[in-house]
Amino acid sequence: ILSVQASAVLSGPTMRFGSTMLLASAFVRPVSAFVSLRSPAAALAPATRWGSMSVRAMSTEGGGEGEEEAPTGEFTELSRLEIRTGKVLEVSKHPSLPKIFVEKIDVGEDEPRTICSGLVGLVEESELLGANCVVLCNLKPRDMEGVPSIGMLLAASSADDSEVKLLLAPGGCAPGELVTFEGHTAEPMEPGNRAVKAFKNVMGKLGGFVTDAEGVARFNGEELPAPFMTSMGPCTSAIKSGSVS
């Protein structure tokens, strides 16, 4: 499930879950008093630039700094997307939109992002809090009646839309790691119209995202299909053979 907009806001890419129409949100830099829950060692690590984000390189137990290894392959529309692992730090309900949760999510930046998601009635608040989630980070900014939505929280839905579960990063995966796809280079774009177009193309004519029979999240393209991969393994969901958005 994506981060969503109320139907009154400006148009964006849409996804339907049951009877609820959700609008894809996009992003601005968050200004937040909340502090990212990362270790002091990680906080002191130097920042590495990936796409639109400055992400801190995580120190390894051996004392060196882990670096994200960019995959080799073709430059595709999927290459343009910035999908990162995250950690949900706080969850509350939107003050004026009853179907919207407002989350504070650590995606490896100095401050957590505020993300609005149309998950009320679909996912329990307790399932969101503390979840090792997956976030699409480089669409355009949206305003949700005074609350900025600066990320798209990805989730899987069952074939009949009766059940929705978050897409989860594997255990041990630090917030902010870039999710990669075998056969596709990783060259995320700055937030803007071209990134939005890439997302629409990926979710439309190029095949979209799904979960397979094992619950592994995958790009479902006819050309270069690939799982959502991290340094700790693939991203997954409790929903098997479902759609991801």
# chains A, B, ... in the order shown; residues from 1 in each chain; ligands from 1
>>> select_by_dssp(residues="segment 125-237 of chain A", states="strand (DSSP E or B)", output="PyMOL selection string")
chain A and resi 132-136+142-144+147-149+152-153+155-157+164-166+168+178+180+183-184+209-211+216-219+226-227+229-230+233-234+236
>>> closest_residue(among="A:Pro148, A:Gly108, A:Gly121, A:Gly215", to="Thr85 of chain A", atoms="only C-alpha atoms")
A:Gly108
>>> closest_residue(among="A:Val102, A:Ala238, A:Ala155, A:Leu78", to="Leu122 of chain A", atoms="only C-alpha atoms")
A:Ala155
>>> select_by_dssp(residues="segment 63-242 of chain A", states="alpha helix (DSSP H)", output="MDAnalysis selection string")
chainID A and resid 125:128 193:203
>>> write_last_selection(atoms="N, CA, C and O atoms", output="PDB file, in the first residue's frame")
ATOM      1  N   GLU A 125      -2.776  -0.999  13.818  1.00  0.00           N
ATOM      2  CA  GLU A 125      -1.720  -0.070  14.235  1.00  0.00           C
ATOM      3  C   GLU A 125      -0.546  -0.817  14.857  1.00  0.00           C
ATOM      4  O   GLU A 125       0.619  -0.466  14.649  1.00  0.00           O
ATOM      5  N   SER A 126      -0.844  -1.871  15.608  1.00  0.00           N
ATOM      6  CA  SER A 126       0.212  -2.659  16.255  1.00  0.00           C
ATOM      7  C   SER A 126       1.113  -3.366  15.245  1.00  0.00           C
ATOM      8  O   SER A 126       2.279  -3.644  15.538  1.00  0.00           O
ATOM      9  N   GLU A 127       0.579  -3.682  14.062  1.00  0.00           N
ATOM     10  CA  GLU A 127       1.391  -4.311  13.017  1.00  0.00           C
ATOM     11  C   GLU A 127       2.354  -3.315  12.389  1.00  0.00           C
ATOM     12  O   GLU A 127       3.427  -3.687  11.898  1.00  0.00           O
ATOM     13  N   LEU A 128       1.959  -2.040  12.381  1.00  0.00           N
ATOM     14  CA  LEU A 128       2.801  -1.008  11.783  1.00  0.00           C
ATOM     15  C   LEU A 128       3.955  -0.615  12.699  1.00  0.00           C
ATOM     16  O   LEU A 128       5.104  -0.515  12.260  1.00  0.00           O
ATOM     17  N   ASN A 193       8.762  14.746 -11.732  1.00  0.00           N
ATOM     18  CA  ASN A 193       7.863  14.180 -12.737  1.00  0.00           C
ATOM     19  C   ASN A 193       8.424  12.933 -13.406  1.00  0.00           C
ATOM     20  O   ASN A 193       7.682  11.993 -13.703  1.00  0.00           O
ATOM     21  N   ARG A 194       9.739  12.910 -13.659  1.00  0.00           N
ATOM     22  CA  ARG A 194      10.296  11.753 -14.358  1.00  0.00           C
ATOM     23  C   ARG A 194      10.274  10.511 -13.467  1.00  0.00           C
ATOM     24  O   ARG A 194      10.047   9.395 -13.950  1.00  0.00           O
ATOM     25  N   ALA A 195      10.498  10.688 -12.180  1.00  0.00           N
ATOM     26  CA  ALA A 195      10.414   9.557 -11.260  1.00  0.00           C
ATOM     27  C   ALA A 195       8.980   9.042 -11.173  1.00  0.00           C
ATOM     28  O   ALA A 195       8.738   7.835 -11.114  1.00  0.00           O
ATOM     29  N   VAL A 196       8.017   9.973 -11.180  1.00  0.00           N
ATOM     30  CA  VAL A 196       6.597   9.581 -11.173  1.00  0.00           C
ATOM     31  C   VAL A 196       6.267   8.789 -12.429  1.00  0.00           C
ATOM     32  O   VAL A 196       5.583   7.752 -12.383  1.00  0.00           O
ATOM     33  N   LYS A 197       6.757   9.245 -13.568  1.00  0.00           N
ATOM     34  CA  LYS A 197       6.515   8.541 -14.825  1.00  0.00           C
ATOM     35  C   LYS A 197       7.115   7.138 -14.777  1.00  0.00           C
ATOM     36  O   LYS A 197       6.487   6.161 -15.239  1.00  0.00           O
ATOM     37  N   ALA A 198       8.316   7.017 -14.237  1.00  0.00           N
ATOM     38  CA  ALA A 198       8.944   5.708 -14.123  1.00  0.00           C
ATOM     39  C   ALA A 198       8.108   4.780 -13.260  1.00  0.00           C
ATOM     40  O   ALA A 198       7.908   3.600 -13.593  1.00  0.00           O
ATOM     41  N   PHE A 199       7.589   5.295 -12.147  1.00  0.00           N
ATOM     42  CA  PHE A 199       6.748   4.478 -11.266  1.00  0.00           C
ATOM     43  C   PHE A 199       5.483   4.025 -11.989  1.00  0.00           C
ATOM     44  O   PHE A 199       5.088   2.849 -11.900  1.00  0.00           O
ATOM     45  N   LYS A 200       4.844   4.938 -12.707  1.00  0.00           N
ATOM     46  CA  LYS A 200       3.636   4.571 -13.455  1.00  0.00           C
ATOM     47  C   LYS A 200       3.947   3.499 -14.493  1.00  0.00           C
ATOM     48  O   LYS A 200       3.166   2.557 -14.679  1.00  0.00           O
ATOM     49  N   ASN A 201       5.067   3.638 -15.162  1.00  0.00           N
ATOM     50  CA  ASN A 201       5.435   2.649 -16.172  1.00  0.00           C
ATOM     51  C   ASN A 201       5.701   1.283 -15.550  1.00  0.00           C
ATOM     52  O   ASN A 201       5.263   0.248 -16.068  1.00  0.00           O
ATOM     53  N   VAL A 202       6.425   1.286 -14.435  1.00  0.00           N
ATOM     54  CA  VAL A 202       6.728   0.022 -13.761  1.00  0.00           C
ATOM     55  C   VAL A 202       5.447  -0.660 -13.291  1.00  0.00           C
ATOM     56  O   VAL A 202       5.263  -1.872 -13.480  1.00  0.00           O
ATOM     57  N   MET A 203       4.546   0.104 -12.711  1.00  0.00           N
ATOM     58  CA  MET A 203       3.325  -0.476 -12.160  1.00  0.00           C
ATOM     59  C   MET A 203       2.286  -0.793 -13.231  1.00  0.00           C
ATOM     60  O   MET A 203       1.351  -1.547 -12.981  1.00  0.00           O
TER      61      MET A 203
END
>>> residues_around(residues="Ile105 of chain A", least_positions_apart="4", cutoff="10 Å", atoms="only C-alpha atoms", output="MDAnalysis selection string")
chainID A and resid 34 36:37 85:91 109 111:115 129:135 150:151 153 175
>>> atom_distance(atom1="atom CA of Arg80 of chain A", atom2="atom CA of Pro227 of chain A")
16.1 Å
